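These notes concern the structure reproduced below.
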Amino acid sequence: MNRRTWIALGVLAAALFAFAVYRFRHRGDVAASGERGDPAVSESTASEVTASDRDLPRGSVSGRVTDTATKPIAGAQVCAFASSDRLVSIDKRVPRCVTTGADGRYRIEDLLVASYEVTASATNYQPARWVNPEKTGRALTLASGEARENVDLVLTAGGVEVRGRVQDIGGGPVVGALVTVLSTEQAMFGPGGAANAVAQSDGKGEWQVWVAPGRIAAQVTAEGYADGSKDGIAPGQFIEISLTPESVLQGRVVEAGTDTPVAGARVAASGDSMGFGPGGGGEHTALTDAEGRFRIARLEPGRYKPDAKTPHRWGTARESVLLGVGETSGEVLIEAHPAATVSGRISFRDGKDGKGCAQGAVNLSEKGKSEFRWAKADDEGKVRVEGMLPGTYQVEVWCKDAALEEKYEPVTLADKDVDGLVWKVNGGLSLSGVVVDAKGAPVAGVTLFARTRGGDGRDPRSRTGWGNTESEKDGTFRIRGLLAGTYSVDVRREGIASPKEPTEVKVDRDVSGVRITLPAGGSIEGTVVDGSGAPVSAANVQAKGGTWGWNQTTTRDDGTFAIKGVNPGDYRVSASHGWSAMRAPGTKDDDVQGVSTAVKAGETARVKVIVESQRDEIRGRVVDDGGQPVTDAFVDAERESDSASKAQGQAGRAMRWAWGRRTPVLTELDGRFTLTKLSPGTYTVRAFRKGGGETISEKIRTGTEVTLTIRRTGSISGTVVGSKGASPERFSVTLRDEKTGVSRDESFFRTGGSFVLRDLPAGDFILSAEAPDGRAQTKVQLEQGAKREGLRLELEGNASLRGRIVALDNGQPVPGMVVMVRPAKGGSGMMAIGGSMGDQDRKNVTDAEGRFEVERCPAGRVTLSAYPNDYRGSEFSSIYLPLTVDAGRTTELAPLRAPRKRTKGFDVGGDLGFVLQERSPDADLEQARNIVSVVRPGSAAAKAGLVVGDEIVSVDGQDVVGANGYLYRSLSNVPEGTSIALGLKRGGQVVIQAAKPL
């Protein structure tokens, strides 16, 4: 199984945490306006709110801010953050903020028609977000001219101060930047959800706010710069955020085939940076003026492909656009084609108060296509999905605290609007109870997640039931909108220990009286220092025990850290930067890192983690082919592992992973750069222009200087021809170099089948084309600066797969396994069900007999993966194996064998004392081998006689070679104290007893 798949399965909690930060960063561009009024509009000559809407009377929000004793808080800042499908970036970038008077009262005026998040913050208090007293949500919807009163907020004491500085890439202060800080732990687990504190940088670029203690995410926006962001910890960390000069995308939207301008079109530009640079990518929007022109500012450098829509038109640019640092594009032309609008209402089947779903959304997607459109419901449950092209669309509905229908009828759209649709939901069942601590006292602010278990008599293909809520001040909770079934209920609140196992509850009616008792936990406190005793700030600290958990934090500027709410047990505490582990001085990557400690209930364990110095540097210069300095290159470095297990080029590929990595530096006017805060070692150094043009140098030691030459880029162009000879209306083209990790994914619409990919480095690429009626793939070798033209990709028709999944040990059917198929090499990087984003019939989920069917599969060499729908509760592990599928027909597979998990739930397997050689990303799975690359001295493996170079061919008698290679991980992941027999290619076997997990 490749790295991405294992991360997807093994880092669920971290992914949830990242999603909270992502929602914060991409919910809209954020700043504060105070009482000064709106700042100048610079991104577009208009807002997506139409002229008539903008002329409507503005609304207001007023209320009172108090402490928990109802005492008014003077000088508190209250902000209203706008959110609406009808708003564009500039409308969402600037919340309206005011300050409370001596009586704690406030009034925010001049508010557009939209939904608003209203938050308050004050010195020495934790920020709070308004919650509807009727428990119907945290968003306040404001109608035209409406004056909402009594929007009261209560602040809790215990806020901590966070300070920071906003600077440009040259180190100079950015004055007047707007900083919004979110407590990400509060967003995920705290009472009231996410609450923001807003500040403005002063003449020195400095700012300060008060937030809840814990991990934070800060986002900055400033005129003339791309947005910036940085994660941190509060209190004790000074947050410095560097901003890059803005890039600007401008252009014009016209009716297809004419020069007639399209006014009032919403233009969206999604970047390719994925958070790798200072601003974090995301979608940026603007509205066209009367001449059809648009201007989207505050963009990161990178590659963009804008699209435009109105209620009755949609179109996208013919080619993507590459923007350098501070660059403004030429005029980008978007041709808008006829489209239609789908409208309807999400309505309660039981007539709940005669109202529609006020907190809902509808998603429309075409079967066999990866594109989708969605829209949120208004207060009456009404939904409008605009700019839809002809086709038949699957419908997915969401409604807070409501139970959904098993399936919704598809929507077929021709050349006219479809309206008057009704999507029914119902109130569903409820589950209520109380959360208490180990002494029986109620616990507030605990987040509860309920999800249906597999194997409880429900149809394995039926819709998954789920719900969530937070416990009240008295510890009580109620989860609404549940389907009938048996639920696993997990609980979480940062800083409080959680039960190791979920609470299981059968819900066949409204259930009450559920009592969830939290165990007594302990804490881990300590410091991270280098070999000289200097503190290491902003390091990620993890405490790993026998069960995968949430025990992680970040060091403060003085190197200290604290992890609270840790379940009793044995842990290993280690530090890292991003994905890279920080080693102890004098050790290597194959040595076990970290410090062991034991946590006892009610006690604090103290540890000291000593790591290598983080004060080394690499200096250099970036030039072009002619030796001239490159002034807009980003430079990054990744330490090359000295582990015997790593595949060649691993560091270079790792640098393309955005999440958790350091921010790259930008070259100076003379092309020079300095990479700082490096540990000693050898590095792969990469210089790149976002979206095109790069160079990589390997084996660069710290303390040395390097010259990096960015070579001329090339291009690849050609034509995609459908399986029946006609050009597909919509298709995507993917380019990948598996060894280096270079990739490009672009989609095309009504280009007559033609495509072009520009700004490409040299490489050995796999070029893939995908359309609803088929796929094609070829190899392309691109020399430096070359143009490969005239390529012809003829799509092969889709295939289908049918099969059955049975248990490895006894051949019994395994229901509830989700099956996905993707090209073995190249193709879209997104795991897909037969190339689409979903199958509402759920035929790709195994039924009670273990049978499944995947439609619209890619043909040729593919990789099939299958995983339990209820991964935690299932007895079975995943399947991951190569297949050959014939185009245009249905392939019947022999039964696929699923191994049983040998550890329970999320328990971590015991340590076997050895490591296998990492597989190259371009390796054929059928040729996969289990080669031992590391045997730790004194380990169980060493004592059993396993040696480096041994090839493992079986585990407990089961073949794990080639196509059976996927079985190895499951069969060898055993609890501490369990013995397994490993068959060796050299003959014989070794028996290893698993030791305590590392």
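Labeling convention for the structure tokens: chains A, B, ... as they appear, residues from 1 per chain, ligands from 1 in order of appearance.
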
Counting only C-alpha atoms, give me one row per residue of stretch 355-466 of chain A with an atom at most 10 Å from an atom of stretch 838-847 of chain A, showing the shortest contact pair and its distance in Å to one decimal, sorted by chain then residue number, as a Markdown table.
| residue | atom | partner | partner_atom | distance |
| --- | --- | --- | --- | --- |
| A:Ser365 | CA | A:Gly838 | CA | 8.4 |
| A:Glu366 | CA | A:Gly838 | CA | 9.1 |
| A:Lys367 | CA | A:Asp839 | CA | 7.0 |
| A:Gly368 | CA | A:Gly838 | CA | 8.3 |
| A:Lys369 | CA | A:Gly838 | CA | 9.1 |
| A:Ser370 | CA | A:Gly838 | CA | 8.6 |
| A:Gln394 | CA | A:Gln840 | CA | 7.0 |
| A:Val395 | CA | A:Gln840 | CA | 8.2 |
| A:Glu396 | CA | A:Gln840 | CA | 8.3 |
| A:Glu406 | CA | A:Gln840 | CA | 9.2 |
| A:Lys407 | CA | A:Gln840 | CA | 7.0 |
| A:Tyr408 | CA | A:Gln840 | CA | 8.6 |
| A:Glu409 | CA | A:Gln840 | CA | 9.8 |
| A:Pro410 | CA | A:Gln840 | CA | 9.5 |
| A:Asp459 | CA | A:Asp847 | CA | 7.3 |
| A:Pro460 | CA | A:Asp847 | CA | 5.6 |
| A:Arg461 | CA | A:Arg842 | CA | 5.8 |
| A:Ser462 | CA | A:Arg842 | CA | 8.0 |
| A:Arg463 | CA | A:Arg842 | CA | 8.9 |

Which residues of stretch 536-582 of chain A sit at most 9 Å from stretch 611-635 of chain A, using only C-alpha atoms? Give each one's shortest atom pair and distance in Å (one decimal place), in chain and ascending residue order, as a Markdown table.
| residue | atom | partner | partner_atom | distance |
| --- | --- | --- | --- | --- |
| A:Val536 | CA | A:Gln614 | CA | 7.6 |
| A:Ala575 | CA | A:Val611 | CA | 8.0 |
| A:Met582 | CA | A:Val611 | CA | 6.0 |

Mind writing the picked residues with C-alpha atoms as a PDB file, in the first residue's frame?
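Result written to part-v5.pdb:
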ATOM      1  CA  VAL A 536      13.511  24.322  20.390  1.00  0.00           C
ATOM      2  CA  ALA A 575       9.507  15.679  18.523  1.00  0.00           C
ATOM      3  CA  MET A 582      13.936  15.260  15.098  1.00  0.00           C
TER       4      MET A 582
END

Q: Name the residues of stretch 177-308 of chain A that fall into strand (DSSP E or B) according to DSSP on the backbone, using the chain letters and numbers of this document, as a ChimeraX atom specification.
A: /A:178-183,196-200,206-211,214-221,225,228-234,238-243,245,247-255,261,266-271,283-287,293-299,302-304,307-308

Mind writing the picked residues with C-alpha atoms as an mmCIF file, in the first residue's frame?
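Just written: selection.cif:
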data_model
loop_
_atom_site.group_PDB
_atom_site.id
_atom_site.type_symbol
_atom_site.label_atom_id
_atom_site.label_comp_id
_atom_site.auth_asym_id
_atom_site.auth_seq_id
_atom_site.Cartn_x
_atom_site.Cartn_y
_atom_site.Cartn_z
ATOM 1 C CA LEU A 178 -5.794 42.291 9.782
ATOM 2 C CA VAL A 179 -5.070 39.201 11.860
ATOM 3 C CA THR A 180 -7.737 36.664 12.756
ATOM 4 C CA VAL A 181 -6.781 34.006 15.308
ATOM 5 C CA LEU A 182 -8.728 30.794 15.875
ATOM 6 C CA SER A 183 -8.238 28.354 18.714
ATOM 7 C CA ASN A 196 -12.205 34.209 16.444
ATOM 8 C CA ALA A 197 -10.202 37.042 17.904
ATOM 9 C CA VAL A 198 -9.326 39.875 15.521
ATOM 10 C CA ALA A 199 -6.480 42.392 15.671
ATOM 11 C CA GLN A 200 -4.759 44.932 13.451
ATOM 12 C CA GLU A 206 2.909 43.801 15.741
ATOM 13 C CA TRP A 207 -0.441 42.588 17.062
ATOM 14 C CA GLN A 208 -1.982 40.901 20.078
ATOM 15 C CA VAL A 209 -5.209 39.060 20.908
ATOM 16 C CA TRP A 210 -6.659 36.954 23.716
ATOM 17 C CA VAL A 211 -7.699 33.363 22.971
ATOM 18 C CA GLY A 214 -3.930 25.572 23.183
ATOM 19 C CA ARG A 215 -3.141 25.262 19.515
ATOM 20 C CA ILE A 216 -4.075 28.172 17.303
ATOM 21 C CA ALA A 217 -4.174 29.142 13.638
ATOM 22 C CA ALA A 218 -3.652 32.761 12.581
ATOM 23 C CA GLN A 219 -4.667 34.164 9.207
ATOM 24 C CA VAL A 220 -3.538 37.551 7.903
ATOM 25 C CA THR A 221 -4.803 39.721 5.084
ATOM 26 C CA TYR A 225 -0.228 41.098 -0.329
ATOM 27 C CA GLY A 228 -0.701 34.526 4.994
ATOM 28 C CA SER A 229 -1.227 32.042 7.788
ATOM 29 C CA LYS A 230 0.648 30.212 10.494
ATOM 30 C CA ASP A 231 -0.105 27.685 13.215
ATOM 31 C CA GLY A 232 1.109 28.030 16.764
ATOM 32 C CA ILE A 233 0.469 27.478 20.446
ATOM 33 C CA ALA A 234 -0.991 29.811 23.081
ATOM 34 C CA PHE A 238 5.460 34.783 19.299
ATOM 35 C CA ILE A 239 3.787 34.270 15.909
ATOM 36 C CA GLU A 240 5.660 35.770 12.960
ATOM 37 C CA ILE A 241 3.862 35.681 9.613
ATOM 38 C CA SER A 242 5.557 36.709 6.369
ATOM 39 C CA LEU A 243 3.468 37.984 3.464
ATOM 40 C CA PRO A 245 3.403 40.526 -2.680
ATOM 41 C CA SER A 247 -0.455 38.295 -7.694
ATOM 42 C CA VAL A 248 -3.495 39.390 -9.683
ATOM 43 C CA LEU A 249 -5.677 37.465 -12.103
ATOM 44 C CA GLN A 250 -7.729 39.548 -14.471
ATOM 45 C CA GLY A 251 -9.797 38.870 -17.538
ATOM 46 C CA ARG A 252 -13.128 38.984 -19.259
ATOM 47 C CA VAL A 253 -16.205 36.749 -19.484
ATOM 48 C CA VAL A 254 -18.129 36.654 -22.779
ATOM 49 C CA GLU A 255 -20.933 34.582 -24.231
ATOM 50 C CA PRO A 261 -19.843 40.553 -22.279
ATOM 51 C CA ARG A 266 -19.166 34.890 -10.443
ATOM 52 C CA VAL A 267 -15.549 34.074 -11.327
ATOM 53 C CA ALA A 268 -13.700 31.597 -9.123
ATOM 54 C CA ALA A 269 -9.969 30.926 -9.205
ATOM 55 C CA SER A 270 -8.714 27.912 -7.268
ATOM 56 C CA GLY A 271 -4.955 27.711 -6.756
ATOM 57 C CA GLU A 283 -10.724 29.584 -3.746
ATOM 58 C CA HIS A 284 -10.842 33.294 -4.576
ATOM 59 C CA THR A 285 -13.835 34.913 -6.268
ATOM 60 C CA ALA A 286 -14.968 38.139 -7.912
ATOM 61 C CA LEU A 287 -17.877 39.424 -9.972
ATOM 62 C CA ARG A 293 -14.296 42.200 -16.777
ATOM 63 C CA PHE A 294 -13.050 40.792 -13.491
ATOM 64 C CA ARG A 295 -10.043 41.265 -11.244
ATOM 65 C CA ILE A 296 -9.041 38.892 -8.452
ATOM 66 C CA ALA A 297 -6.260 40.184 -6.217
ATOM 67 C CA ARG A 298 -4.367 38.976 -3.140
ATOM 68 C CA LEU A 299 -3.421 35.705 -4.811
ATOM 69 C CA GLY A 302 0.874 29.780 -8.588
ATOM 70 C CA ARG A 303 -1.240 28.239 -11.301
ATOM 71 C CA TYR A 304 -4.908 29.128 -11.676
ATOM 72 C CA ASP A 307 -14.313 29.454 -14.179
ATOM 73 C CA ALA A 308 -17.374 31.672 -14.365
#

Considering only C-alpha atoms, return as a CSV table (one decimal) with N, CA and C atoms, in the first residue's frame whatever protein or nucleic-acid residues lie within 7 Å of stretch 170-176 of chain A, sequence-local ones (same chain, fewer than 4 positions apart) excluded.
chain,number,residue,atom,x,y,z
A,166,VAL,N,3.6,40.8,11.8
A,166,VAL,CA,3.3,40.6,10.3
A,166,VAL,C,4.4,41.4,9.6
A,200,GLN,N,-5.4,44.2,14.6
A,200,GLN,CA,-4.8,44.9,13.5
A,200,GLN,C,-3.3,45.2,13.8
A,201,SER,N,-2.4,45.0,12.9
A,201,SER,CA,-1.0,45.2,13.2
A,201,SER,C,-0.7,46.7,13.3
A,202,ASP,N,0.2,47.1,14.2
A,202,ASP,CA,0.5,48.5,14.4
A,202,ASP,C,1.7,48.9,13.5
A,203,GLY,N,2.3,50.1,13.9
A,203,GLY,CA,3.4,50.6,13.1
A,203,GLY,C,4.6,49.8,13.0
A,204,LYS,N,4.8,48.8,13.9
A,204,LYS,CA,5.9,47.9,13.9
A,204,LYS,C,5.4,46.5,13.3
A,205,GLY,N,4.2,46.5,12.8
A,205,GLY,CA,3.7,45.2,12.3
A,205,GLY,C,3.3,44.2,13.4

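Considering only stretch 169-219 of chain A, backbone DSSP assigns alpha helix (DSSP H) to Thr184, Glu185, Gln186, Ala187, Met188 and Phe189 of chain A.
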
Residue subset to file, keeping N, CA and C atoms, as an mmCIF file, in the first residue's frame:
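Once written, again_5.cif looks like this:
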data_model
loop_
_atom_site.group_PDB
_atom_site.id
_atom_site.type_symbol
_atom_site.label_atom_id
_atom_site.label_comp_id
_atom_site.auth_asym_id
_atom_site.auth_seq_id
_atom_site.Cartn_x
_atom_site.Cartn_y
_atom_site.Cartn_z
ATOM 1 N N THR A 184 -7.812 26.336 17.442
ATOM 2 C CA THR A 184 -8.231 25.150 16.699
ATOM 3 C C THR A 184 -8.697 24.033 17.602
ATOM 4 N N GLU A 185 -8.200 23.959 18.812
ATOM 5 C CA GLU A 185 -8.703 22.957 19.746
ATOM 6 C C GLU A 185 -10.142 23.289 20.132
ATOM 7 N N GLN A 186 -10.420 24.566 20.314
ATOM 8 C CA GLN A 186 -11.792 24.960 20.634
ATOM 9 C C GLN A 186 -12.709 24.685 19.447
ATOM 10 N N ALA A 187 -12.194 24.889 18.230
ATOM 11 C CA ALA A 187 -13.014 24.648 17.040
ATOM 12 C C ALA A 187 -13.427 23.201 16.947
ATOM 13 N N MET A 188 -12.511 22.289 17.290
ATOM 14 C CA MET A 188 -12.804 20.869 17.179
ATOM 15 C C MET A 188 -13.582 20.339 18.372
ATOM 16 N N PHE A 189 -13.227 20.777 19.579
ATOM 17 C CA PHE A 189 -13.738 20.096 20.759
ATOM 18 C C PHE A 189 -14.380 20.988 21.811
#

Which residues, written as a short mmCIF file (atom, residue, chain, number, x, y, z; two decimals) with N, CA and C atoms, in the first residue's frame, have at least one atom at most 12 Å from A:Ala894, with only C-alpha atoms counted and residues fewer than 2 positions away on the same chain left out?
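And here is the file that came out, around.cif:
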data_model
loop_
_atom_site.label_atom_id
_atom_site.label_comp_id
_atom_site.auth_asym_id
_atom_site.auth_seq_id
_atom_site.Cartn_x
_atom_site.Cartn_y
_atom_site.Cartn_z
N LEU A 801 -16.28 -4.06 -13.04
CA LEU A 801 -15.76 -5.16 -12.24
C LEU A 801 -16.86 -5.73 -11.37
N ARG A 802 -16.90 -7.04 -11.31
CA ARG A 802 -17.78 -7.72 -10.36
C ARG A 802 -16.94 -8.71 -9.58
N GLY A 803 -17.26 -8.82 -8.33
CA GLY A 803 -16.49 -9.76 -7.53
C GLY A 803 -17.14 -10.02 -6.19
N ARG A 804 -16.38 -10.69 -5.37
CA ARG A 804 -16.86 -11.09 -4.06
C ARG A 804 -15.69 -11.06 -3.10
N ILE A 805 -15.92 -10.55 -1.91
CA ILE A 805 -14.87 -10.52 -0.89
C ILE A 805 -15.23 -11.50 0.21
N VAL A 806 -14.27 -12.36 0.51
CA VAL A 806 -14.49 -13.39 1.54
C VAL A 806 -13.35 -13.32 2.55
N ARG A 851 -20.71 -9.58 -2.19
CA ARG A 851 -20.63 -9.23 -3.61
C ARG A 851 -20.60 -7.72 -3.81
N LEU A 883 -4.68 -5.44 -10.67
CA LEU A 883 -5.52 -6.24 -11.55
C LEU A 883 -5.34 -5.76 -12.98
N THR A 891 -15.57 -7.55 -16.12
CA THR A 891 -14.63 -8.57 -15.67
C THR A 891 -15.12 -9.19 -14.37
N GLU A 892 -15.25 -10.51 -14.37
CA GLU A 892 -15.64 -11.24 -13.17
C GLU A 892 -14.37 -11.70 -12.45
N LEU A 896 -11.91 -12.33 -3.65
CA LEU A 896 -10.82 -11.59 -3.03
C LEU A 896 -10.82 -11.88 -1.54
N ARG A 897 -9.65 -12.05 -0.97
CA ARG A 897 -9.55 -12.52 0.41
C ARG A 897 -9.16 -11.37 1.34
#
